[in-house]
Amino acid sequence: AVKEYGYAKLEAALDTFDRQERQEKQNAAEAEIVEHFSEIYPDQIREVKDSIYYIVKGSLKHFIENKSSVLCQGDMFIIPPGVVHYISPEPDTVFYSFSFMPDFIDETNQNNKLVALFLRSLLTDKNILPKVSVESEDIFYIECIIDRMLNEFKCKSFAFYEIIHSCAVLLIAVIARNYFEKNKIPEYFDNSKQFVLHCIEYIENNFTDKITLDEISKRSAMSKTSFCQLFYKLTG
């Protein structure tokens with residue numbers, strides 16, 4: 001009986017370890033941050049995740065569609081999945097890339113309208129920019145956030161995934177503030193009412209598709225309850 005109990009404890013421990021290992025692999029697949037040192041890149045890159053690139057040192061040239069720009073410290077760009085672009089770094093250039101699946105941030109969009117609005121306005125085909133510049137006073141702040149994310153990803157300590165997620169939302173919020181300070185926020189998205197009107201337009205344009213409440217509430221950057229209440233007020 002003692003031996004059987006010992007085997008049961010061992011099997012339970014191995015099962016727990018196996019589940020933790022699978023969860024770590026899943027987390028790593030959903031979000032990844034890498035430090036690059038003037039690496040040689042292929043002629044073209046097609047991103048499979050949403051990706052943020054940030055330049056720490058040196059410079060590189062970024063090409064996307066018919067646009068290009070030179071980036072140096074404090075500059076970055078964000079690319080959605082499926083978009084083809086090309087990077088040409090100068091010698092001794094150091095930059096970070098942070099890639100994440102859409103669901104990694106989607107759950108936050110319901111409570112963070114700044115992040116939701118920024119990603120929606122930036123990650124559309126007609127608005128993808130080859131460069132987003134950061135104000136000098138935010139450079140140190142952003143680099144501290146990225147360093148924290150990189151350390152968490154490398155060490156994979158307890159709750160590393162949650163910390164990376166929180167840092168990612170903060171990182172995108174800081175980038176969004178810099179972006180909107182230089183680019184006027186579209187009046188169409190000024191308040192919650194306009195978010196819902198945007199969703200109504202989306203439903204009208206895609207009425208033949210299967211659209212769920214979860215999907216449409218994410219598009220509105222609101223909770224399902226808040227979206228339903230405001231939707232009812234606007235449509236009766």
# chains A, B, ... in the order shown; residues from 1 in each chain; ligands from 1

call {"tool": "select_by_dssp", "arguments": {"residues": "range 62-141 of chain A", "states": "helix (DSSP H, G or I)", "output": "PDB file with all heavy atoms, in the first residue's frame"}}
result
ATOM      1  N   PRO A 102      -3.293  37.600 -31.695  1.00  0.00           N
ATOM      2  CA  PRO A 102      -4.328  38.613 -31.429  1.00  0.00           C
ATOM      3  C   PRO A 102      -5.049  38.414 -30.106  1.00  0.00           C
ATOM      4  O   PRO A 102      -5.346  39.382 -29.396  1.00  0.00           O
ATOM      5  CB  PRO A 102      -5.281  38.443 -32.619  1.00  0.00           C
ATOM      6  CG  PRO A 102      -4.405  37.932 -33.716  1.00  0.00           C
ATOM      7  CD  PRO A 102      -3.405  37.039 -33.041  1.00  0.00           C
ATOM      8  N   ASP A 103      -5.331  37.152 -29.734  1.00  0.00           N
ATOM      9  CA  ASP A 103      -6.043  36.894 -28.479  1.00  0.00           C
ATOM     10  C   ASP A 103      -5.245  37.335 -27.262  1.00  0.00           C
ATOM     11  O   ASP A 103      -5.812  37.535 -26.182  1.00  0.00           O
ATOM     12  CB  ASP A 103      -6.369  35.406 -28.345  1.00  0.00           C
ATOM     13  CG  ASP A 103      -7.476  34.983 -29.292  1.00  0.00           C
ATOM     14  OD1 ASP A 103      -8.147  35.886 -29.838  1.00  0.00           O
ATOM     15  OD2 ASP A 103      -7.663  33.772 -29.494  1.00  0.00           O
ATOM     16  N   PHE A 104      -3.932  37.475 -27.420  1.00  0.00           N
ATOM     17  CA  PHE A 104      -3.090  37.883 -26.293  1.00  0.00           C
ATOM     18  C   PHE A 104      -3.472  39.270 -25.795  1.00  0.00           C
ATOM     19  O   PHE A 104      -3.387  39.576 -24.612  1.00  0.00           O
ATOM     20  CB  PHE A 104      -1.621  37.876 -26.736  1.00  0.00           C
ATOM     21  CG  PHE A 104      -0.633  38.143 -25.628  1.00  0.00           C
ATOM     22  CD1 PHE A 104      -0.398  37.193 -24.659  1.00  0.00           C
ATOM     23  CD2 PHE A 104       0.075  39.330 -25.571  1.00  0.00           C
ATOM     24  CE1 PHE A 104       0.518  37.418 -23.646  1.00  0.00           C
ATOM     25  CE2 PHE A 104       0.992  39.570 -24.565  1.00  0.00           C
ATOM     26  CZ  PHE A 104       1.220  38.603 -23.604  1.00  0.00           C
ATOM     27  N   ILE A 105      -3.903  40.130 -26.701  1.00  0.00           N
ATOM     28  CA  ILE A 105      -4.283  41.496 -26.354  1.00  0.00           C
ATOM     29  C   ILE A 105      -5.794  41.693 -26.370  1.00  0.00           C
ATOM     30  O   ILE A 105      -6.331  42.540 -25.670  1.00  0.00           O
ATOM     31  CB  ILE A 105      -3.615  42.506 -27.311  1.00  0.00           C
ATOM     32  CG1 ILE A 105      -2.085  42.402 -27.200  1.00  0.00           C
ATOM     33  CG2 ILE A 105      -4.047  43.928 -27.012  1.00  0.00           C
ATOM     34  CD1 ILE A 105      -1.521  42.780 -25.848  1.00  0.00           C
ATOM     35  N   ASP A 106      -6.518  40.891 -27.149  1.00  0.00           N
ATOM     36  CA  ASP A 106      -7.956  41.096 -27.335  1.00  0.00           C
ATOM     37  C   ASP A 106      -8.718  41.195 -26.029  1.00  0.00           C
ATOM     38  O   ASP A 106      -9.622  42.001 -25.883  1.00  0.00           O
ATOM     39  CB  ASP A 106      -8.549  39.963 -28.178  1.00  0.00           C
ATOM     40  CG  ASP A 106      -8.355  40.220 -29.665  1.00  0.00           C
ATOM     41  OD1 ASP A 106      -7.931  41.334 -30.016  1.00  0.00           O
ATOM     42  OD2 ASP A 106      -8.614  39.311 -30.462  1.00  0.00           O
ATOM     43  N   GLU A 107      -8.371  40.349 -25.050  1.00  0.00           N
ATOM     44  CA  GLU A 107      -9.110  40.354 -23.792  1.00  0.00           C
ATOM     45  C   GLU A 107      -8.954  41.672 -23.054  1.00  0.00           C
ATOM     46  O   GLU A 107      -9.806  42.043 -22.249  1.00  0.00           O
ATOM     47  CB  GLU A 107      -8.621  39.214 -22.896  1.00  0.00           C
ATOM     48  CG  GLU A 107      -7.143  39.328 -22.538  1.00  0.00           C
ATOM     49  CD  GLU A 107      -6.594  38.045 -21.928  1.00  0.00           C
ATOM     50  OE1 GLU A 107      -6.412  37.055 -22.668  1.00  0.00           O
ATOM     51  OE2 GLU A 107      -6.359  38.039 -20.711  1.00  0.00           O
ATOM     52  N   THR A 108      -7.890  42.408 -23.341  1.00  0.00           N
ATOM     53  CA  THR A 108      -7.659  43.691 -22.691  1.00  0.00           C
ATOM     54  C   THR A 108      -8.433  44.812 -23.376  1.00  0.00           C
ATOM     55  O   THR A 108      -8.787  45.811 -22.751  1.00  0.00           O
ATOM     56  CB  THR A 108      -6.155  44.022 -22.709  1.00  0.00           C
ATOM     57  OG1 THR A 108      -5.443  42.937 -22.116  1.00  0.00           O
ATOM     58  CG2 THR A 108      -5.865  45.290 -21.923  1.00  0.00           C
ATOM     59  N   ASN A 109      -8.697  44.653 -24.660  1.00  0.00           N
ATOM     60  CA  ASN A 109      -9.341  45.716 -25.427  1.00  0.00           C
ATOM     61  C   ASN A 109     -10.674  46.157 -24.850  1.00  0.00           C
ATOM     62  O   ASN A 109     -11.084  47.303 -25.024  1.00  0.00           O
ATOM     63  CB  ASN A 109      -9.540  45.268 -26.876  1.00  0.00           C
ATOM     64  CG  ASN A 109      -8.231  45.262 -27.661  1.00  0.00           C
ATOM     65  OD1 ASN A 109      -7.203  45.706 -27.153  1.00  0.00           O
ATOM     66  ND2 ASN A 109      -8.271  44.767 -28.873  1.00  0.00           N
ATOM     67  N   LYS A 113      -9.644  51.289 -23.964  1.00  0.00           N
ATOM     68  CA  LYS A 113     -10.061  51.820 -25.262  1.00  0.00           C
ATOM     69  C   LYS A 113      -8.896  52.429 -26.023  1.00  0.00           C
ATOM     70  O   LYS A 113      -8.890  52.442 -27.249  1.00  0.00           O
ATOM     71  CB  LYS A 113     -11.170  52.848 -25.058  1.00  0.00           C
ATOM     72  CG  LYS A 113     -12.456  52.247 -24.534  1.00  0.00           C
ATOM     73  CD  LYS A 113     -13.528  53.299 -24.360  1.00  0.00           C
ATOM     74  CE  LYS A 113     -14.806  52.684 -23.813  1.00  0.00           C
ATOM     75  NZ  LYS A 113     -15.864  53.689 -23.590  1.00  0.00           N
ATOM     76  N   LEU A 114      -7.900  52.953 -25.283  1.00  0.00           N
ATOM     77  CA  LEU A 114      -6.741  53.533 -25.956  1.00  0.00           C
ATOM     78  C   LEU A 114      -6.012  52.475 -26.766  1.00  0.00           C
ATOM     79  O   LEU A 114      -5.673  52.682 -27.937  1.00  0.00           O
ATOM     80  CB  LEU A 114      -5.798  54.156 -24.913  1.00  0.00           C
ATOM     81  CG  LEU A 114      -4.505  54.768 -25.462  1.00  0.00           C
ATOM     82  CD1 LEU A 114      -4.828  55.969 -26.344  1.00  0.00           C
ATOM     83  CD2 LEU A 114      -3.580  55.171 -24.316  1.00  0.00           C
ATOM     84  N   VAL A 115      -5.768  51.315 -26.148  1.00  0.00           N
ATOM     85  CA  VAL A 115      -5.092  50.215 -26.837  1.00  0.00           C
ATOM     86  C   VAL A 115      -5.949  49.718 -28.003  1.00  0.00           C
ATOM     87  O   VAL A 115      -5.441  49.488 -29.109  1.00  0.00           O
ATOM     88  CB  VAL A 115      -4.791  49.061 -25.857  1.00  0.00           C
ATOM     89  CG1 VAL A 115      -4.318  47.821 -26.613  1.00  0.00           C
ATOM     90  CG2 VAL A 115      -3.731  49.485 -24.845  1.00  0.00           C
ATOM     91  N   ALA A 116      -7.250  49.564 -27.766  1.00  0.00           N
ATOM     92  CA  ALA A 116      -8.146  49.066 -28.814  1.00  0.00           C
ATOM     93  C   ALA A 116      -8.168  50.008 -30.015  1.00  0.00           C
ATOM     94  O   ALA A 116      -8.067  49.582 -31.166  1.00  0.00           O
ATOM     95  CB  ALA A 116      -9.554  48.897 -28.250  1.00  0.00           C
ATOM     96  N   LEU A 117      -8.304  51.294 -29.753  1.00  0.00           N
ATOM     97  CA  LEU A 117      -8.363  52.280 -30.826  1.00  0.00           C
ATOM     98  C   LEU A 117      -7.060  52.340 -31.594  1.00  0.00           C
ATOM     99  O   LEU A 117      -7.046  52.419 -32.826  1.00  0.00           O
ATOM    100  CB  LEU A 117      -8.696  53.655 -30.240  1.00  0.00           C
ATOM    101  CG  LEU A 117      -8.691  54.853 -31.198  1.00  0.00           C
ATOM    102  CD1 LEU A 117      -9.658  54.608 -32.346  1.00  0.00           C
ATOM    103  CD2 LEU A 117      -9.064  56.115 -30.458  1.00  0.00           C
ATOM    104  N   PHE A 118      -5.945  52.272 -30.884  1.00  0.00           N
ATOM    105  CA  PHE A 118      -4.637  52.341 -31.530  1.00  0.00           C
ATOM    106  C   PHE A 118      -4.422  51.157 -32.468  1.00  0.00           C
ATOM    107  O   PHE A 118      -4.052  51.332 -33.632  1.00  0.00           O
ATOM    108  CB  PHE A 118      -3.548  52.370 -30.462  1.00  0.00           C
ATOM    109  CG  PHE A 118      -2.151  52.307 -31.005  1.00  0.00           C
ATOM    110  CD1 PHE A 118      -1.657  53.331 -31.799  1.00  0.00           C
ATOM    111  CD2 PHE A 118      -1.333  51.225 -30.733  1.00  0.00           C
ATOM    112  CE1 PHE A 118      -0.373  53.285 -32.309  1.00  0.00           C
ATOM    113  CE2 PHE A 118      -0.047  51.167 -31.231  1.00  0.00           C
ATOM    114  CZ  PHE A 118       0.436  52.192 -32.021  1.00  0.00           C
ATOM    115  N   LEU A 119      -4.678  49.944 -31.962  1.00  0.00           N
ATOM    116  CA  LEU A 119      -4.466  48.763 -32.791  1.00  0.00           C
ATOM    117  C   LEU A 119      -5.403  48.760 -33.979  1.00  0.00           C
ATOM    118  O   LEU A 119      -5.023  48.383 -35.090  1.00  0.00           O
ATOM    119  CB  LEU A 119      -4.654  47.493 -31.953  1.00  0.00           C
ATOM    120  CG  LEU A 119      -3.593  47.251 -30.880  1.00  0.00           C
ATOM    121  CD1 LEU A 119      -3.922  46.006 -30.084  1.00  0.00           C
ATOM    122  CD2 LEU A 119      -2.202  47.132 -31.488  1.00  0.00           C
ATOM    123  N   ARG A 120      -6.640  49.188 -33.782  1.00  0.00           N
ATOM    124  CA  ARG A 120      -7.602  49.217 -34.883  1.00  0.00           C
ATOM    125  C   ARG A 120      -7.181  50.214 -35.958  1.00  0.00           C
ATOM    126  O   ARG A 120      -7.280  49.952 -37.148  1.00  0.00           O
ATOM    127  CB  ARG A 120      -8.994  49.578 -34.361  1.00  0.00           C
ATOM    128  CG  ARG A 120     -10.060  49.588 -35.467  1.00  0.00           C
ATOM    129  CD  ARG A 120     -11.399  50.037 -34.921  1.00  0.00           C
ATOM    130  NE  ARG A 120     -11.862  49.133 -33.903  1.00  0.00           N
ATOM    131  CZ  ARG A 120     -12.424  49.523 -32.760  1.00  0.00           C
ATOM    132  NH1 ARG A 120     -12.558  50.798 -32.505  1.00  0.00           N
ATOM    133  NH2 ARG A 120     -12.830  48.636 -31.875  1.00  0.00           N
ATOM    134  N   SER A 121      -6.704  51.380 -35.531  1.00  0.00           N
ATOM    135  CA  SER A 121      -6.350  52.422 -36.505  1.00  0.00           C
ATOM    136  C   SER A 121      -5.017  52.149 -37.173  1.00  0.00           C
ATOM    137  O   SER A 121      -4.791  52.544 -38.318  1.00  0.00           O
ATOM    138  CB  SER A 121      -6.312  53.789 -35.821  1.00  0.00           C
ATOM    139  OG  SER A 121      -5.299  53.827 -34.835  1.00  0.00           O
ATOM    140  N   LEU A 122      -4.118  51.447 -36.461  1.00  0.00           N
ATOM    141  CA  LEU A 122      -2.777  51.233 -36.999  1.00  0.00           C
ATOM    142  C   LEU A 122      -2.655  49.947 -37.801  1.00  0.00           C
ATOM    143  O   LEU A 122      -1.919  49.884 -38.782  1.00  0.00           O
ATOM    144  CB  LEU A 122      -1.755  51.208 -35.852  1.00  0.00           C
ATOM    145  CG  LEU A 122      -0.299  51.430 -36.241  1.00  0.00           C
ATOM    146  CD1 LEU A 122      -0.099  52.841 -36.761  1.00  0.00           C
ATOM    147  CD2 LEU A 122       0.618  51.181 -35.054  1.00  0.00           C
ATOM    148  N   SER A 136      11.257  61.599 -26.518  1.00  0.00           N
ATOM    149  CA  SER A 136      12.501  61.303 -25.811  1.00  0.00           C
ATOM    150  C   SER A 136      12.274  60.929 -24.350  1.00  0.00           C
ATOM    151  O   SER A 136      12.950  60.054 -23.805  1.00  0.00           O
ATOM    152  CB  SER A 136      13.461  62.496 -25.901  1.00  0.00           C
ATOM    153  OG  SER A 136      12.849  63.669 -25.398  1.00  0.00           O
ATOM    154  N   GLU A 137      11.271  61.571 -23.699  1.00  0.00           N
ATOM    155  CA  GLU A 137      11.042  61.275 -22.281  1.00  0.00           C
ATOM    156  C   GLU A 137      10.444  59.886 -22.063  1.00  0.00           C
ATOM    157  O   GLU A 137      10.458  59.364 -20.944  1.00  0.00           O
ATOM    158  CB  GLU A 137      10.117  62.325 -21.650  1.00  0.00           C
ATOM    159  CG  GLU A 137       8.763  62.457 -22.312  1.00  0.00           C
ATOM    160  CD  GLU A 137       8.745  63.556 -23.354  1.00  0.00           C
ATOM    161  OE1 GLU A 137       9.808  63.865 -23.914  1.00  0.00           O
ATOM    162  OE2 GLU A 137       7.660  64.123 -23.581  1.00  0.00           O
ATOM    163  N   ASP A 138       9.927  59.264 -23.133  1.00  0.00           N
ATOM    164  CA  ASP A 138       9.341  57.929 -23.001  1.00  0.00           C
ATOM    165  C   ASP A 138      10.293  56.821 -23.424  1.00  0.00           C
ATOM    166  O   ASP A 138       9.985  55.637 -23.226  1.00  0.00           O
ATOM    167  CB  ASP A 138       8.058  57.832 -23.836  1.00  0.00           C
ATOM    168  CG  ASP A 138       6.850  58.426 -23.135  1.00  0.00           C
ATOM    169  OD1 ASP A 138       6.861  58.468 -21.888  1.00  0.00           O
ATOM    170  OD2 ASP A 138       5.916  58.868 -23.821  1.00  0.00           O
ATOM    171  N   ILE A 139      11.427  57.163 -24.014  1.00  0.00           N
ATOM    172  CA  ILE A 139      12.356  56.133 -24.504  1.00  0.00           C
ATOM    173  C   ILE A 139      12.853  55.243 -23.368  1.00  0.00           C
ATOM    174  O   ILE A 139      12.796  54.003 -23.455  1.00  0.00           O
ATOM    175  CB  ILE A 139      13.540  56.785 -25.245  1.00  0.00           C
ATOM    176  CG1 ILE A 139      13.069  57.372 -26.585  1.00  0.00           C
ATOM    177  CG2 ILE A 139      14.649  55.758 -25.492  1.00  0.00           C
ATOM    178  CD1 ILE A 139      14.161  58.071 -27.374  1.00  0.00           C
ATOM    179  N   PHE A 140      13.328  55.854 -22.282  1.00  0.00           N
ATOM    180  CA  PHE A 140      13.835  55.064 -21.152  1.00  0.00           C
ATOM    181  C   PHE A 140      12.724  54.208 -20.560  1.00  0.00           C
ATOM    182  O   PHE A 140      12.933  53.042 -20.207  1.00  0.00           O
ATOM    183  CB  PHE A 140      14.411  56.001 -20.080  1.00  0.00           C
ATOM    184  CG  PHE A 140      14.898  55.285 -18.853  1.00  0.00           C
ATOM    185  CD1 PHE A 140      16.080  54.565 -18.875  1.00  0.00           C
ATOM    186  CD2 PHE A 140      14.159  55.320 -17.669  1.00  0.00           C
ATOM    187  CE1 PHE A 140      16.532  53.891 -17.737  1.00  0.00           C
ATOM    188  CE2 PHE A 140      14.599  54.656 -16.542  1.00  0.00           C
ATOM    189  CZ  PHE A 140      15.789  53.933 -16.572  1.00  0.00           C
ATOM    190  N   TYR A 141      11.535  54.776 -20.461  1.00  0.00           N
ATOM    191  CA  TYR A 141      10.377  54.070 -19.910  1.00  0.00           C
ATOM    192  C   TYR A 141      10.058  52.832 -20.737  1.00  0.00           C
ATOM    193  O   TYR A 141       9.889  51.723 -20.204  1.00  0.00           O
ATOM    194  CB  TYR A 141       9.190  55.033 -19.884  1.00  0.00           C
ATOM    195  CG  TYR A 141       7.952  54.539 -19.186  1.00  0.00           C
ATOM    196  CD1 TYR A 141       8.019  53.660 -18.113  1.00  0.00           C
ATOM    197  CD2 TYR A 141       6.692  54.967 -19.604  1.00  0.00           C
ATOM    198  CE1 TYR A 141       6.878  53.219 -17.471  1.00  0.00           C
ATOM    199  CE2 TYR A 141       5.535  54.532 -18.964  1.00  0.00           C
ATOM    200  CZ  TYR A 141       5.641  53.659 -17.906  1.00  0.00           C
ATOM    201  OH  TYR A 141       4.514  53.227 -17.280  1.00  0.00           O
TER     202      TYR A 141
END

call {"tool": "residues_around", "arguments": {"residues": "range 69-77 of chain A", "least_positions_apart": "3", "cutoff": "6 Å", "atoms": "only C-alpha atoms", "output": "PyMOL selection string"}}
result
chain A and resi 52-62+130-134+139

call {"tool": "write_last_selection", "arguments": {"atoms": "N, CA and C atoms", "output": "compact mmCIF listing (two decimals), in the first residue's frame"}}
result
# COMPACT_ATOMS: atom_id res chain seq x y z
N ILE A 52 5.74 43.85 -32.88
CA ILE A 52 6.26 45.19 -32.58
C ILE A 52 7.78 45.12 -32.66
N TYR A 53 8.38 46.03 -33.41
CA TYR A 53 9.84 46.14 -33.48
C TYR A 53 10.25 47.48 -32.86
N TYR A 54 11.27 47.44 -32.01
CA TYR A 54 11.74 48.67 -31.35
C TYR A 54 13.26 48.75 -31.48
N ILE A 55 13.78 49.91 -31.91
CA ILE A 55 15.22 50.07 -32.12
C ILE A 55 15.87 50.62 -30.86
N VAL A 56 16.88 49.90 -30.36
CA VAL A 56 17.61 50.30 -29.14
C VAL A 56 18.89 51.04 -29.48
N LYS A 57 19.56 50.60 -30.53
CA LYS A 57 20.87 51.15 -30.89
C LYS A 57 21.06 51.03 -32.39
N GLY A 58 21.77 52.02 -32.97
CA GLY A 58 22.04 51.97 -34.40
C GLY A 58 20.83 52.41 -35.22
N SER A 59 20.71 51.86 -36.42
CA SER A 59 19.60 52.23 -37.29
C SER A 59 19.32 51.10 -38.27
N LEU A 60 18.15 51.14 -38.83
CA LEU A 60 17.78 50.18 -39.88
C LEU A 60 16.78 50.85 -40.81
N LYS A 61 16.66 50.30 -42.00
CA LYS A 61 15.68 50.79 -42.95
C LYS A 61 14.56 49.76 -43.06
N HIS A 62 13.34 50.25 -43.01
CA HIS A 62 12.18 49.37 -43.04
C HIS A 62 11.37 49.64 -44.30
N PRO A 130 5.50 52.62 -41.74
CA PRO A 130 6.84 52.02 -41.63
C PRO A 130 7.57 52.46 -40.37
N LYS A 131 7.06 53.54 -39.71
CA LYS A 131 7.74 54.03 -38.50
C LYS A 131 6.77 54.76 -37.60
N VAL A 132 6.91 54.51 -36.28
CA VAL A 132 6.22 55.30 -35.25
C VAL A 132 7.30 55.79 -34.29
N SER A 133 7.41 57.10 -34.11
CA SER A 133 8.45 57.66 -33.26
C SER A 133 7.94 57.86 -31.83
N VAL A 134 8.86 57.73 -30.87
CA VAL A 134 8.54 57.87 -29.45
C VAL A 134 9.20 59.13 -28.92
N ILE A 139 11.43 57.16 -24.01
CA ILE A 139 12.36 56.13 -24.50
C ILE A 139 12.85 55.24 -23.37

call {"tool": "select_by_dssp", "arguments": {"residues": "range 75-172 of chain A", "states": "strand (DSSP E or B)", "output": "number ranges by chain"}}
result
A: 75-79, 84-89, 94-100, 132-133

call {"tool": "atom_distance", "arguments": {"atom1": "CA of Phe160 in chain A", "atom2": "CA of Ile33 in chain A"}}
result
12.5 Å

call {"tool": "residues_around", "arguments": {"residues": "Ile45 in chain A", "least_positions_apart": "3", "cutoff": "12 Å", "atoms": "only C-alpha atoms", "output": "PyMOL selection string"}}
result
chain A and resi 40-42+48-49+51+62-65+79-88

call {"tool": "residues_around", "arguments": {"residues": "Phe37 in chain A", "least_positions_apart": "3", "cutoff": "7 Å", "atoms": "only C-alpha atoms", "output": "ChimeraX atom specification"}}
result
/A:92-95

call {"tool": "write_last_selection", "arguments": {"atoms": "all heavy atoms", "output": "mmCIF file, in the first residue's frame"}}
result
data_model
loop_
_atom_site.group_PDB
_atom_site.id
_atom_site.type_symbol
_atom_site.label_atom_id
_atom_site.label_comp_id
_atom_site.auth_asym_id
_atom_site.auth_seq_id
_atom_site.Cartn_x
_atom_site.Cartn_y
_atom_site.Cartn_z
ATOM 1 N N ASP A 92 26.084 46.757 -36.138
ATOM 2 C CA ASP A 92 26.015 47.096 -34.705
ATOM 3 C C ASP A 92 24.638 47.585 -34.262
ATOM 4 O O ASP A 92 24.493 48.143 -33.178
ATOM 5 C CB ASP A 92 27.067 48.157 -34.335
ATOM 6 C CG ASP A 92 28.491 47.706 -34.622
ATOM 7 O OD1 ASP A 92 28.765 46.513 -34.391
ATOM 8 O OD2 ASP A 92 29.303 48.520 -35.081
ATOM 9 N N THR A 93 23.634 47.381 -35.088
ATOM 10 C CA THR A 93 22.273 47.762 -34.694
ATOM 11 C C THR A 93 21.701 46.717 -33.740
ATOM 12 O O THR A 93 21.887 45.518 -33.925
ATOM 13 C CB THR A 93 21.366 47.888 -35.935
ATOM 14 O OG1 THR A 93 21.865 48.935 -36.760
ATOM 15 C CG2 THR A 93 19.933 48.200 -35.540
ATOM 16 N N VAL A 94 21.005 47.199 -32.704
ATOM 17 C CA VAL A 94 20.340 46.322 -31.737
ATOM 18 C C VAL A 94 18.865 46.703 -31.712
ATOM 19 O O VAL A 94 18.523 47.877 -31.596
ATOM 20 C CB VAL A 94 20.936 46.468 -30.316
ATOM 21 C CG1 VAL A 94 20.194 45.564 -29.335
ATOM 22 C CG2 VAL A 94 22.425 46.144 -30.322
ATOM 23 N N PHE A 95 17.990 45.722 -31.854
ATOM 24 C CA PHE A 95 16.561 46.012 -31.781
ATOM 25 C C PHE A 95 15.814 44.810 -31.216
ATOM 26 O O PHE A 95 16.311 43.684 -31.209
ATOM 27 C CB PHE A 95 16.006 46.398 -33.157
ATOM 28 C CG PHE A 95 16.125 45.337 -34.217
ATOM 29 C CD1 PHE A 95 15.058 44.502 -34.514
ATOM 30 C CD2 PHE A 95 17.302 45.192 -34.933
ATOM 31 C CE1 PHE A 95 15.166 43.535 -35.495
ATOM 32 C CE2 PHE A 95 17.425 44.230 -35.923
ATOM 33 C CZ PHE A 95 16.347 43.400 -36.203
#

call {"tool": "closest_residue", "arguments": {"among": "A:Lys156, A:Lys210, A:His36, A:His198", "to": "Phe231 in chain A", "atoms": "only C-alpha atoms"}}
result
A:His198

call {"tool": "atom_distance", "arguments": {"atom1": "CA of Asn205 in chain A", "atom2": "CA of Phe227 in chain A"}}
result
18.8 Å

call {"tool": "residues_around", "arguments": {"residues": "Ile142 in chain A", "least_positions_apart": "6", "cutoff": "10 Å", "atoms": "only C-alpha atoms", "output": "list in words"}}
result
Tyr54, Gly74, Val134, Arg148, Cys167, Leu170, Leu171, Ile172, Val174 and Ile175 of chain A

call {"tool": "decode", "arguments": {"residues": "range 146-178 of chain A", "atoms": "C-alpha atoms", "output": "short mmCIF file (atom, residue, chain, number, x, y, z; two decimals), in the first residue's frame"}}
result
data_model
loop_
_atom_site.label_atom_id
_atom_site.label_comp_id
_atom_site.auth_asym_id
_atom_site.auth_seq_id
_atom_site.Cartn_x
_atom_site.Cartn_y
_atom_site.Cartn_z
CA ILE A 146 10.86 45.74 -22.87
CA ASP A 147 13.82 44.67 -20.68
CA ARG A 148 11.36 43.41 -18.05
CA MET A 149 9.45 41.46 -20.70
CA LEU A 150 12.66 39.97 -22.13
CA ASN A 151 13.89 38.86 -18.69
CA GLU A 152 10.53 37.29 -17.86
CA PHE A 153 10.46 35.44 -21.18
CA LYS A 154 14.00 34.11 -20.71
CA CYS A 155 13.61 33.05 -17.06
CA LYS A 156 9.99 31.85 -17.25
CA SER A 157 9.56 32.27 -13.50
CA PHE A 158 6.25 31.89 -11.71
CA ALA A 159 3.47 33.98 -13.35
CA PHE A 160 5.84 35.14 -16.13
CA TYR A 161 3.03 34.99 -18.70
CA GLU A 162 0.77 37.33 -16.69
CA ILE A 163 3.63 39.79 -16.16
CA ILE A 164 4.52 39.80 -19.87
CA HIS A 165 0.86 40.36 -20.72
CA SER A 166 0.59 43.33 -18.34
CA CYS A 167 3.84 44.80 -19.66
CA ALA A 168 2.66 44.35 -23.26
CA VAL A 169 -0.56 46.27 -22.60
CA LEU A 170 1.41 49.03 -20.88
CA LEU A 171 3.92 49.11 -23.77
CA ILE A 172 1.18 49.45 -26.39
CA ALA A 173 -0.60 52.13 -24.31
CA VAL A 174 2.58 54.23 -24.15
CA ILE A 175 3.12 53.79 -27.90
CA ALA A 176 -0.53 54.71 -28.51
CA ARG A 177 -0.21 57.91 -26.49
CA ASN A 178 2.82 58.95 -28.56
#
